[in-house]
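What's in data.cif: mmCIF, C-alpha atoms
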data_model
loop_
_atom_site.label_atom_id
_atom_site.label_comp_id
_atom_site.auth_asym_id
_atom_site.auth_seq_id
_atom_site.Cartn_x
_atom_site.Cartn_y
_atom_site.Cartn_z
CA MET A 1 -24.17 -23.63 1.08
CA ARG A 2 -21.44 -21.48 2.61
CA GLN A 3 -22.97 -18.91 4.96
CA SER A 4 -20.08 -16.77 6.17
CA LYS A 5 -17.94 -14.62 3.92
CA ARG A 6 -14.30 -15.55 3.52
CA LEU A 7 -11.50 -13.03 3.18
CA LEU A 8 -7.82 -13.59 2.48
CA ILE A 9 -5.61 -10.87 3.98
CA ILE A 10 -2.06 -10.42 2.73
CA THR A 11 -0.06 -8.21 5.06
CA ASN A 12 3.56 -7.07 5.23
CA ARG A 13 3.56 -7.62 9.01
CA TYR A 14 1.50 -9.48 11.59
CA PRO A 15 2.08 -9.49 15.38
CA ARG A 16 2.88 -12.76 17.11
CA CYS A 17 1.71 -11.71 20.57
CA PRO A 18 0.49 -8.70 22.61
CA ASP A 19 4.05 -7.42 23.12
CA ASP A 20 4.97 -7.60 19.42
CA THR A 21 5.26 -4.11 17.90
CA ALA A 22 4.97 -5.43 14.31
CA SER A 23 1.77 -3.70 13.11
CA PRO A 24 -0.27 -4.77 16.16
CA PHE A 25 -3.44 -3.18 14.72
CA VAL A 26 -3.70 -6.05 12.20
CA TYR A 27 -4.66 -8.40 15.02
CA ASP A 28 -7.31 -5.94 16.26
CA PHE A 29 -8.62 -5.62 12.71
CA ARG A 30 -8.82 -9.37 12.25
CA GLN A 31 -10.75 -9.69 15.53
CA ALA A 32 -13.18 -6.97 14.42
CA LEU A 33 -13.81 -8.75 11.10
CA GLU A 34 -14.44 -12.04 12.86
CA ARG A 35 -16.95 -10.34 15.16
CA LEU A 36 -18.88 -9.52 11.99
CA GLY A 37 -18.91 -13.20 11.03
CA ILE A 38 -16.19 -13.00 8.38
CA ASP A 39 -13.83 -15.97 8.10
CA VAL A 40 -10.33 -14.48 7.86
CA GLN A 41 -7.14 -16.14 6.63
CA ILE A 42 -3.81 -14.32 6.97
CA VAL A 43 -0.66 -14.59 4.84
CA THR A 44 2.39 -12.79 6.18
CA PRO A 45 6.21 -13.02 5.90
CA PHE A 46 8.49 -14.41 8.59
CA TYR A 47 10.31 -12.02 10.89
CA ALA A 48 12.49 -12.90 13.83
CA PRO A 49 10.19 -13.02 16.86
CA PRO A 50 10.78 -10.53 19.68
CA THR A 51 9.60 -13.05 22.27
CA GLU A 52 8.76 -16.73 22.51
CA ASP A 53 5.08 -15.88 22.94
CA THR A 54 3.07 -16.86 19.83
CA SER A 55 -0.43 -16.49 21.27
CA TYR A 56 -1.68 -14.53 18.22
CA ILE A 57 -0.62 -17.26 15.78
CA ASP A 58 -3.11 -20.00 14.97
CA ASN A 59 -4.17 -22.11 12.00
CA SER A 60 -5.62 -19.04 10.30
CA VAL A 61 -2.18 -17.40 10.03
CA CYS A 62 0.22 -18.63 7.33
CA ILE A 63 3.81 -17.40 7.77
CA PHE A 64 6.03 -17.85 4.72
CA GLU A 65 9.82 -18.00 4.82
CA TRP A 66 11.90 -15.58 2.75
CA SER A 67 14.98 -14.61 4.80
CA ASP A 68 16.46 -14.88 8.27
CA GLY A 69 13.86 -12.33 9.38
CA ARG A 70 16.27 -9.78 10.78
CA HIS A 71 15.48 -7.03 8.26
CA VAL A 72 12.23 -5.55 6.95
CA ILE A 73 11.94 -5.98 3.19
CA SER A 74 11.43 -2.26 2.61
CA GLN A 75 14.79 -1.53 4.28
CA LEU A 76 16.90 -3.91 2.21
CA PRO A 77 19.65 -2.07 0.25
CA LEU A 78 18.67 -2.52 -3.40
CA TYR A 79 22.25 -2.16 -4.63
CA ARG A 80 23.13 -5.54 -3.13
CA PRO A 81 22.47 -8.67 -5.25
CA SER A 82 21.63 -10.56 -2.06
CA SER A 83 18.77 -8.13 -1.39
CA LEU A 84 17.32 -8.62 -4.86
CA ALA A 85 17.48 -12.38 -4.36
CA LYS A 86 15.60 -12.07 -1.07
CA ILE A 87 12.94 -9.88 -2.70
CA ARG A 88 12.39 -12.46 -5.45
CA ILE A 89 12.02 -15.19 -2.81
CA PHE A 90 9.60 -12.98 -0.88
CA PHE A 91 7.25 -12.58 -3.85
CA ARG A 92 7.57 -16.20 -4.95
CA ASN A 93 6.91 -17.71 -1.54
CA GLY A 94 4.25 -15.17 -0.64
CA PHE A 95 2.35 -15.89 -3.85
CA ARG A 96 2.66 -19.67 -3.44
CA SER A 97 1.47 -19.57 0.17
CA ALA A 98 -1.55 -17.42 -0.68
CA ALA A 99 -2.35 -19.49 -3.76
CA GLY A 100 -2.36 -22.66 -1.68
CA ILE A 101 -4.95 -21.14 0.65
CA LEU A 102 -7.16 -19.92 -2.21
CA GLU A 103 -7.11 -23.38 -3.78
CA SER A 104 -8.22 -24.96 -0.51
CA GLY A 105 -11.64 -23.31 -0.52
CA GLU A 106 -13.91 -20.61 -1.88
CA PHE A 107 -13.11 -16.99 -1.00
CA ASP A 108 -15.02 -13.77 -1.61
CA GLY A 109 -12.08 -11.42 -1.90
CA ILE A 110 -8.49 -10.52 -1.11
CA LEU A 111 -7.39 -7.55 1.00
CA ALA A 112 -3.81 -6.28 0.75
CA LEU A 113 -2.46 -4.31 3.67
CA TRP A 114 -0.02 -1.89 2.03
CA ALA A 115 0.05 -1.39 -1.73
CA ALA A 116 3.48 -3.03 -1.83
CA PRO A 117 4.67 -5.66 -1.56
CA SER A 118 1.36 -7.21 -0.41
CA GLY A 119 -0.64 -5.37 -3.05
CA TYR A 120 1.45 -6.74 -5.90
CA ILE A 121 0.91 -10.30 -4.67
CA ALA A 122 -2.83 -9.59 -4.44
CA LEU A 123 -2.87 -8.31 -8.02
CA LYS A 124 -1.22 -11.49 -9.32
CA LEU A 125 -3.59 -13.68 -7.31
CA SER A 126 -6.60 -11.71 -8.53
CA ARG A 127 -5.68 -12.34 -12.13
CA LYS A 128 -5.04 -16.04 -11.64
CA TYR A 129 -8.12 -16.82 -9.54
CA ASP A 130 -10.51 -14.16 -10.87
CA LEU A 131 -11.09 -12.72 -7.41
CA PRO A 132 -11.57 -9.05 -6.51
CA TYR A 133 -9.00 -7.44 -4.30
CA ALA A 134 -8.88 -4.28 -2.24
CA VAL A 135 -5.88 -2.31 -1.00
CA TRP A 136 -5.52 -0.60 2.36
CA ALA A 137 -2.79 2.04 2.01
CA LEU A 138 -0.97 2.51 5.31
CA GLY A 139 1.43 5.38 4.83
CA SER A 140 4.91 4.22 3.84
CA ASP A 141 3.64 2.65 0.61
CA ILE A 142 2.31 6.00 -0.62
CA ASN A 143 4.51 8.53 1.20
CA SER A 144 7.81 6.81 0.39
CA TRP A 145 7.71 3.82 -1.95
CA ALA A 146 5.30 5.35 -4.50
CA LYS A 147 7.87 8.09 -5.15
CA LEU A 148 10.61 5.65 -6.19
CA PRO A 149 11.43 4.86 -9.85
CA PHE A 150 9.79 1.67 -11.15
CA ILE A 151 8.39 0.73 -7.73
CA GLY A 152 6.16 3.80 -7.89
CA SER A 153 4.71 2.79 -11.25
CA VAL A 154 4.03 -0.72 -9.91
CA ILE A 155 2.20 0.73 -6.91
CA VAL A 156 0.04 2.93 -9.14
CA LYS A 157 -0.81 -0.12 -11.25
CA VAL A 158 -1.72 -2.11 -8.13
CA LEU A 159 -3.97 0.70 -6.88
CA LYS A 160 -5.70 1.32 -10.22
CA SER A 161 -6.40 -2.39 -10.70
CA ALA A 162 -7.95 -2.85 -7.26
CA ASP A 163 -11.69 -3.14 -6.79
CA ARG A 164 -11.72 -0.92 -3.71
CA LEU A 165 -9.22 1.48 -2.12
CA PHE A 166 -8.82 2.35 1.56
CA ALA A 167 -6.30 4.47 3.46
CA ASP A 168 -5.64 4.93 7.16
CA GLY A 169 -5.67 8.72 6.96
CA CYS A 170 -7.79 11.40 5.29
CA GLU A 171 -4.73 13.10 3.81
CA LEU A 172 -3.36 9.73 2.71
CA ALA A 173 -6.69 8.94 1.03
CA MET A 174 -6.43 12.20 -0.92
CA LYS A 175 -2.92 11.27 -2.05
CA VAL A 176 -4.19 7.90 -3.28
CA GLN A 177 -7.01 9.63 -5.15
CA ALA A 178 -4.54 12.06 -6.73
CA ILE A 179 -2.31 9.34 -8.19
CA THR A 180 -5.14 7.03 -9.28
CA ASP A 181 -8.05 9.38 -10.08
CA ARG A 182 -10.22 6.98 -8.09
CA ASN A 183 -12.14 7.22 -4.84
CA CYS A 184 -10.31 6.13 -1.69
CA ARG A 185 -12.05 5.78 1.68
CA PHE A 186 -10.46 6.64 5.02
CA ILE A 187 -10.59 3.79 7.52
CA PRO A 188 -8.48 4.02 10.70
CA SER A 189 -5.76 1.61 11.77
CA TYR A 190 -6.11 1.39 15.53
CA HIS A 191 -4.51 -0.78 18.18
CA ALA A 192 -6.29 -1.19 21.51
CA ILE A 193 -4.03 -1.13 24.56
CA ARG A 194 -4.86 -1.91 28.17
CA ILE A 195 -4.31 0.99 30.54
CA ASP A 196 -4.48 -0.35 34.10
CA THR A 197 -3.05 2.78 35.69
CA GLU A 198 -5.31 5.76 36.28
CA ARG A 199 -3.81 8.95 34.87
CA PRO A 200 -2.69 11.03 37.88
CA LEU A 201 -3.96 14.55 38.40
CA ASN A 202 -0.36 15.71 38.40
CA PRO A 203 1.62 13.49 35.99
CA GLU A 204 5.40 13.20 36.06
CA LYS A 205 7.40 16.02 34.54
CA ARG A 206 8.37 14.01 31.50
CA PHE A 207 7.70 13.71 27.80
CA VAL A 208 7.73 10.38 25.99
CA SER A 209 8.45 9.61 22.36
CA PHE A 210 7.74 6.04 21.32
CA GLY A 211 8.17 4.36 17.96
CA ARG A 212 10.99 3.63 15.54
CA ILE A 213 14.29 5.33 16.33
CA GLU A 214 15.07 6.75 12.89
CA LYS A 215 16.03 10.16 11.53
CA ASN A 216 12.81 10.53 9.49
CA LYS A 217 10.86 10.06 12.70
CA GLY A 218 12.31 13.35 13.95
CA VAL A 219 14.10 11.85 16.94
CA PHE A 220 17.13 14.15 16.56
CA ASP A 221 14.95 17.25 16.18
CA LEU A 222 13.26 16.33 19.45
CA LEU A 223 16.59 15.84 21.20
CA GLU A 224 17.77 19.31 20.17
CA ALA A 225 14.42 20.91 21.05
CA PHE A 226 14.47 19.27 24.47
CA ARG A 227 18.02 20.54 25.06
CA ILE A 228 16.72 24.07 24.44
CA PHE A 229 13.68 23.39 26.64
CA LEU A 230 15.91 22.30 29.53
CA ASN A 231 17.36 25.79 29.85
CA ASP A 232 14.13 26.92 31.52
CA HIS A 233 12.91 23.52 32.77
CA PRO A 234 15.96 21.67 34.16
CA ASP A 235 13.90 19.23 36.25
CA TRP A 236 12.03 17.67 33.29
CA LYS A 237 12.86 14.39 31.54
CA LEU A 238 12.45 12.91 28.06
CA TYR A 239 12.00 9.18 27.42
CA TYR A 240 12.61 7.52 24.06
CA VAL A 241 11.01 4.07 23.69
CA GLY A 242 11.59 1.83 20.69
CA THR A 243 14.27 0.41 18.44
CA GLY A 244 15.58 1.32 15.01
CA ARG A 245 18.53 1.89 12.76
CA ASP A 246 19.60 5.13 14.49
CA GLU A 247 19.48 4.04 18.13
CA ASN A 248 23.29 3.98 18.44
CA LYS A 249 23.53 7.50 17.06
CA LEU A 250 20.84 8.65 19.48
CA THR A 251 22.62 7.24 22.52
CA SER A 252 25.90 8.79 21.35
CA LEU A 253 24.29 12.22 21.01
CA ILE A 254 22.73 11.94 24.45
CA GLN A 255 26.13 11.23 25.96
CA ALA A 256 27.97 13.83 23.88
CA GLY A 257 25.47 16.51 24.89
CA ASN A 258 25.76 15.65 28.60
CA LEU A 259 22.04 14.87 28.61
CA SER A 260 22.16 11.47 30.32
CA ASP A 261 20.56 12.84 33.50
CA SER A 262 17.58 14.25 31.58
CA VAL A 263 17.12 12.00 28.53
CA VAL A 264 16.51 8.27 28.83
CA TYR A 265 16.73 5.87 25.90
CA ALA A 266 14.69 2.91 27.16
CA GLY A 267 14.84 0.77 24.01
CA TYR A 268 12.17 -1.92 23.73
CA LEU A 269 9.68 -2.09 26.61
CA HIS A 270 7.03 -4.70 27.30
CA ARG A 271 3.58 -3.39 26.56
CA SER A 272 2.45 -3.26 30.19
CA ILE A 273 5.51 -1.21 31.20
CA LEU A 274 5.08 1.16 28.26
CA ASN A 275 1.39 1.66 29.06
CA LYS A 276 2.25 2.61 32.64
CA LEU A 277 4.90 5.03 31.35
CA LEU A 278 2.37 6.65 29.02
CA ALA A 279 -0.30 7.01 31.68
CA GLY A 280 2.07 8.79 34.04
CA SER A 281 3.67 11.20 31.55
CA THR A 282 2.73 14.77 30.72
CA ALA A 283 2.59 14.36 26.94
CA ALA A 284 3.75 12.29 23.98
CA VAL A 285 5.83 13.81 21.19
CA ILE A 286 5.51 12.58 17.58
CA PRO A 287 8.03 14.63 15.56
CA SER A 288 7.83 12.66 12.28
CA TYR A 289 8.80 14.05 8.92
CA SER A 290 6.22 11.86 7.15
CA ASP A 291 3.20 10.09 8.61
CA SER A 292 -0.54 9.72 8.09
CA LEU A 293 -2.16 8.81 11.40
CA PRO A 294 0.36 6.67 13.31
CA LEU A 295 -0.71 4.03 15.81
CA THR A 296 1.19 5.93 18.49
CA PHE A 297 -1.35 8.76 18.23
CA GLY A 298 -4.28 6.45 19.00
CA GLU A 299 -2.35 4.75 21.80
CA ALA A 300 -1.64 8.13 23.38
CA MET A 301 -5.34 9.01 23.23
CA GLN A 302 -6.21 5.78 25.08
CA ALA A 303 -3.82 6.79 27.85
CA ARG A 304 -5.43 10.28 27.90
CA LEU A 305 -1.99 11.55 26.98
CA PRO A 306 -1.86 14.87 25.08
CA VAL A 307 0.27 14.95 21.94
CA ILE A 308 2.77 17.34 20.42
CA CYS A 309 3.26 16.51 16.75
CA SER A 310 4.70 17.88 13.54
CA ASP A 311 2.36 19.25 10.87
CA VAL A 312 2.12 16.03 8.85
CA GLY A 313 -0.75 13.72 7.99
CA ASP A 314 -4.00 13.81 9.95
CA MET A 315 -2.60 14.45 13.42
CA PRO A 316 -3.01 18.26 13.24
CA TYR A 317 -6.63 17.78 12.13
CA PHE A 318 -7.52 15.64 15.16
CA ILE A 319 -5.54 17.88 17.51
CA ASP A 320 -7.35 21.01 16.32
CA LYS A 321 -10.78 19.37 16.17
CA HIS A 322 -10.69 17.79 19.63
CA LYS A 323 -8.19 20.07 21.40
CA VAL A 324 -5.88 17.26 22.50
CA GLY A 325 -2.47 18.81 21.97
CA LEU A 326 -0.24 21.08 19.94
CA HIS A 327 1.49 20.91 16.56
CA TYR A 328 4.40 22.72 14.97
CA PRO A 329 6.02 23.16 11.51
CA VAL A 330 7.82 19.94 10.62
CA GLY A 331 11.57 20.13 11.25
CA ASN A 332 11.42 23.43 13.16
CA VAL A 333 13.38 22.77 16.35
CA ASP A 334 12.73 26.16 17.95
CA GLU A 335 8.98 25.86 17.44
CA LEU A 336 9.03 22.35 18.89
CA ALA A 337 10.87 23.64 21.97
CA GLU A 338 8.20 26.31 22.36
CA ARG A 339 5.42 23.67 22.16
CA LEU A 340 7.15 21.67 24.89
CA HIS A 341 7.09 24.82 27.03
CA LEU A 342 3.39 25.48 26.34
CA MET A 343 2.47 21.88 27.12
CA THR A 344 3.77 22.22 30.68
CA ARG A 345 0.86 24.61 31.35
CA GLN A 346 -1.88 23.25 29.08
CA HIS A 347 -1.74 19.45 29.42
CA HIS A 348 -4.65 19.23 31.89
CA GLN A 349 -7.19 20.78 29.51
CA PHE A 350 -5.97 18.61 26.62
CA SER A 351 -6.09 15.36 28.58
CA VAL A 352 -9.83 15.48 29.32
CA ASN A 353 -10.62 15.69 25.60
CA CYS A 354 -8.71 12.58 24.52
CA PRO A 355 -11.58 10.03 24.82
CA ALA A 356 -13.60 11.85 22.12
CA VAL A 357 -10.92 11.04 19.52
CA LEU A 358 -11.31 7.30 20.08
CA GLU A 359 -14.86 7.28 18.72
CA GLU A 360 -13.50 8.22 15.28
CA LEU A 361 -10.60 5.76 15.44
CA ASP A 362 -12.64 2.67 16.36
CA ILE A 363 -11.28 -0.36 14.43
CA ASP A 364 -14.86 -1.68 14.16
CA ASN A 365 -15.50 1.13 11.68
CA SER A 366 -12.69 -0.20 9.49
CA ALA A 367 -13.99 -3.75 9.65
CA GLN A 368 -17.49 -2.57 8.74
CA ALA A 369 -16.16 -0.78 5.66
CA VAL A 370 -14.47 -3.96 4.44
CA ALA A 371 -17.62 -5.99 5.22
CA GLU A 372 -19.64 -3.57 3.07
CA TRP A 373 -17.19 -4.12 0.20
CA LEU A 374 -17.59 -7.89 0.50
CA ASP A 375 -21.38 -7.43 0.53
CA ALA A 376 -21.13 -5.47 -2.73
CA VAL A 377 -18.97 -8.19 -4.28
CA THR A 378 -21.44 -10.88 -3.24
CA PHE A 379 -24.42 -8.89 -4.51
CA ALA A 380 -22.79 -8.36 -7.89
CA ARG A 381 -21.91 -12.02 -8.22
CA LYS A 382 -25.46 -13.14 -7.37
CA ASN A 383 -26.86 -10.83 -9.98
CA GLY A 384 -24.58 -12.10 -12.69
CA GLU A 385 -22.57 -8.90 -12.81
CA ARG A 386 -18.82 -8.56 -12.84
CA ALA A 387 -17.54 -8.98 -9.35
CA TYR A 388 -15.35 -5.97 -9.92
CA ALA A 389 -14.73 -3.43 -12.62
CA ASN A 390 -11.01 -2.66 -12.45
CA ARG A 391 -8.93 -5.32 -14.16
#
Any chance you could give the structure as structure tokens?
Amino acid sequence: MRQSKRLLIITNRYPRCPDDTASPFVYDFRQALERLGIDVQIVTPFYAPPTEDTSYIDNSVCIFEWSDGRHVISQLPLYRPSSLAKIRIFFRNGFRSAAGILESGEFDGILALWAAPSGYIALKLSRKYDLPYAVWALGSDINSWAKLPFIGSVIVKVLKSADRLFADGCELAMKVQAITDRNCRFIPSYHAIRIDTERPLNPEKRFVSFGRIEKNKGVFDLLEAFRIFLNDHPDWKLYYVGTGRDENKLTSLIQAGNLSDSVVYAGYLHRSILNKLLAGSTAAVIPSYSDSLPLTFGEAMQARLPVICSDVGDMPYFIDKHKVGLHYPVGNVDELAERLHLMTRQHHQFSVNCPAVLEELDIDNSAQAVAEWLDAVTFARKNGERAYANR
């Protein structure tokens, strides 16, 4: 008789190695599930690898082909026939790959990371193989895609048909509950990083913003706010780390504003270099227009790095509760400049509070929540009850 539980995870992204920025928390989550004795199989689409290192890929990870891997499916322009063709291939090959795994052995459930497109594949698999599935909403699926015509209705259907709903933010969980009229549990997405450098008593006079370089991430608001900040603090620096569709525009604005001596666009950095940069900085800035609880927030807390963020998602809640930074009205450049000024005097008191946040963001808590769901599924099946109620 099979002793361990088996879970099939369908995820929009999966990291290939420690330096891969493609949803690195999924690897941490998988490790946490396996520590609980759960046999995990992963199905994920192909994306062009950032490095030749594939140390995170083993026989438990199935990567299906769908395109050349240069573009994320959510960023494909829908007005192009070629994009629609790629989307059809994505769903077809993703379903076939997952179905092949389900037919190779007995599974207890399916977990979709993101309500779309992974959630839609999970729904189809659930109907064919009579298996319960859960959905872990992770921000963009609810904050952006669920608002789109047709796609939004599909996402609502996926969520309402799931056996269990999770979200990686308290506010995000409330949004899921509002559109489904069903309970949704907050479980954190958290990526552990290795900080080898002790945070200095007097960190460098610099701010760091790391993540995707895109307008909706507030990168241009930060640039303007920092320009204002420089009037009174000319010896400070700002580092941008990451890649994205607006990186060329960002570099052009830095040059046009004669900010090259104060603002550094570093692009992609290896994890060890980024961690050292974080540990030696005064604060991180997360100026997003839409977010729940981004991985960058948890990574900053591990580096004992205070955060300045916009008033979106759960970041203001954690900042106010644990006193680890400052927040400002989203999109307000003048208020952001003022927070940069305040942080120059208050970062010491914020830094010492950062470790307390990590207790709430522990990925083991997320794995335990999913394990409890699988326990409920198993209990129902043993007692002759329906494995799940939402078909």
Nearby residues (all atoms listed in the file) at most 8 Å from A:Asp246, same-chain spacing under 3 positions excluded, as a list in words:
Ile213, Glu214, Lys215, Lys249 and Leu250 of chain A
Can you work out the spacing between atom CA of A:Thr180 and atom CA of A:Val370 in Å, to one decimal?
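Rounded to one decimal, the two atoms are 19.9 Å apart.
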Show which residues sit within 7 Å of A:Ile121, as a list in words. Count all atoms listed in the file, and ignore same-chain residues fewer than 4 positions away.
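Counting only the stated atoms, we get Phe91, Phe95, Pro117 and Leu125 of chain A.
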Within 12 Å of A:Arg35, counting all atoms listed in the file, which residues qualify if same-chain residues fewer than 5 places away don't, as a JSON list (two decimals) with C-alpha atoms, in the frame of the given file?
[["chain", "number", "residue", "atom", "x", "y", "z"],
["A", 4, "SER", "CA", -20.08, -16.77, 6.17],
["A", 28, "ASP", "CA", -7.31, -5.94, 16.26],
["A", 29, "PHE", "CA", -8.62, -5.62, 12.71],
["A", 30, "ARG", "CA", -8.82, -9.37, 12.25],
["A", 40, "VAL", "CA", -10.33, -14.48, 7.86],
["A", 363, "ILE", "CA", -11.28, -0.36, 14.43],
["A", 364, "ASP", "CA", -14.86, -1.68, 14.16],
["A", 367, "ALA", "CA", -13.99, -3.75, 9.65],
["A", 368, "GLN", "CA", -17.49, -2.57, 8.74],
["A", 371, "ALA", "CA", -17.62, -5.99, 5.22]]
Computed interatomic separation between atom CA of A:Lys5 and atom CA of A:Ala376 (Å):
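Interatomic distance, atom CA of A:Lys5 to atom CA of A:Ala376: 11.8 Å.
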Separation of atom CA of A:Asp58 and atom CA of A:Ile101, in Å?
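Atom CA of A:Ile101 lies 14.5 Å from atom CA of A:Asp58.
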Which residues fall under the PyMOL selection byres ((chain A and resi 216) around 9) in this file, as a list of chain:residue names?
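Against this file, the PyMOL selection byres ((chain A and resi 216) around 9) returns the residues A:Ile213, A:Glu214, A:Lys215, A:Lys217, A:Gly218, A:Val219, A:Pro287, A:Ser288, A:Tyr289, A:Ser290.
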Run the PyMOL selection byres ((chain A and resi 38) around 6) mentally over the shown coordinates, then write out the matched residues as a CSV table (one decimal) with C-alpha atoms, keeping the file's coordinate frame, using the chain letters and numbers from the document.
chain,number,residue,atom,x,y,z
A,4,SER,CA,-20.1,-16.8,6.2
A,5,LYS,CA,-17.9,-14.6,3.9
A,6,ARG,CA,-14.3,-15.6,3.5
A,33,LEU,CA,-13.8,-8.8,11.1
A,34,GLU,CA,-14.4,-12.0,12.9
A,36,LEU,CA,-18.9,-9.5,12.0
A,37,GLY,CA,-18.9,-13.2,11.0
A,39,ASP,CA,-13.8,-16.0,8.1
Please return, as a ChimeraX atom specification, all polymer residues that have at least one atom within 12 Å of the point (-3.3, -20.5, 13.1); use all atoms listed in the file and the file's own coordinate frame.
/A:16,40-44,54-63
Residues in the PyMOL selection byres ((chain A and resi 295) around 7), expressed as a compact mmCIF listing (two decimals) with C-alpha atoms, in the frame of the given file:
# COMPACT_ATOMS: atom_id res chain seq x y z
CA SER A 189 -5.76 1.61 11.77
CA TYR A 190 -6.11 1.39 15.53
CA HIS A 191 -4.51 -0.78 18.18
CA LEU A 293 -2.16 8.81 11.40
CA PRO A 294 0.36 6.67 13.31
CA THR A 296 1.19 5.93 18.49
CA PHE A 297 -1.35 8.76 18.23
CA GLY A 298 -4.28 6.45 19.00
CA GLU A 299 -2.35 4.75 21.80
Using all atoms listed in the file, the best pick from A:Ile10, A:Met174, A:Ala303, A:Val72 as closest to A:Ala22 would be A:Val72
From A:Val330, A:Gly244, A:Asn353, A:Phe186, residue lying nearest A:Asn365 [all atoms listed in the file]:
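Of the candidates, the smallest distance to A:Asn365 is held by A:Phe186.
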Taking into account all atoms listed in the file, which residue in the set A:Glu103, A:Glu360, A:Asp221, A:Asp141 is nearest to A:Ala115?
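Of A:Glu103, A:Glu360, A:Asp221, A:Asp141, the one nearest A:Ala115, counting all atoms listed in the file, is A:Asp141.
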So that I can see what lies close to A:Gly152, please list as a ChimeraX atom specification the residues with an atom at most 10 Å from it, counting all atoms listed in the file and leaving out residues fewer than 6 positions away in the same chain.
/A:116,141-142,144-146,158
What would the list of residues within 12 Å of (16.4, -7.2, 10.4) (file frame) look like as a list in words, if all atoms listed in the file are what count?
Phe46, Tyr47, Ala48, Pro49, Pro50, Ser67, Asp68, Gly69, Arg70, His71, Val72, Ile73, Ser74, Gln75, Leu76, Pro77, Thr243, Gly244 and Arg245 of chain A
Calculated over all atoms listed in the file, which of the candidates A:Glu335, A:Glu224, A:Asp168, A:Asp20 has the smallest distance to A:Leu361?
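Ranking A:Glu335, A:Glu224, A:Asp168, A:Asp20 by distance to A:Leu361, first place goes to A:Asp168.
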Model the absent atoms of stretch 207-219 of chain A so that N, CA and C atoms are present, and write the result as a compact mmCIF listing (two decimals), in the coordinates of the input.
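This is the output file part_5.txt:
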# COMPACT_ATOMS: atom_id res chain seq x y z
N PHE A 207 8.27 13.94 29.12
CA PHE A 207 7.70 13.71 27.80
C PHE A 207 8.16 12.33 27.34
N VAL A 208 7.36 11.70 26.51
CA VAL A 208 7.73 10.38 25.99
C VAL A 208 7.56 10.38 24.48
N SER A 209 8.52 9.81 23.80
CA SER A 209 8.45 9.61 22.36
C SER A 209 8.63 8.13 22.11
N PHE A 210 7.65 7.49 21.50
CA PHE A 210 7.74 6.04 21.32
C PHE A 210 7.45 5.67 19.87
N GLY A 211 8.26 4.76 19.36
CA GLY A 211 8.17 4.36 17.96
C GLY A 211 9.56 4.02 17.45
N ARG A 212 9.70 3.97 16.13
CA ARG A 212 10.99 3.63 15.54
C ARG A 212 12.01 4.76 15.77
N ILE A 213 13.22 4.37 16.12
CA ILE A 213 14.29 5.33 16.33
C ILE A 213 15.02 5.53 15.00
N GLU A 214 14.52 6.47 14.21
CA GLU A 214 15.07 6.75 12.89
C GLU A 214 15.02 8.25 12.63
N LYS A 215 15.93 8.73 11.80
CA LYS A 215 16.03 10.16 11.53
C LYS A 215 14.72 10.72 11.01
N ASN A 216 14.05 9.99 10.08
CA ASN A 216 12.81 10.53 9.49
C ASN A 216 11.65 10.55 10.48
N LYS A 217 11.85 9.97 11.65
CA LYS A 217 10.86 10.06 12.70
C LYS A 217 11.07 11.29 13.59
N GLY A 218 12.08 12.09 13.24
CA GLY A 218 12.31 13.35 13.95
C GLY A 218 12.95 13.21 15.32
N VAL A 219 13.58 12.08 15.59
CA VAL A 219 14.10 11.85 16.94
C VAL A 219 15.23 12.82 17.28
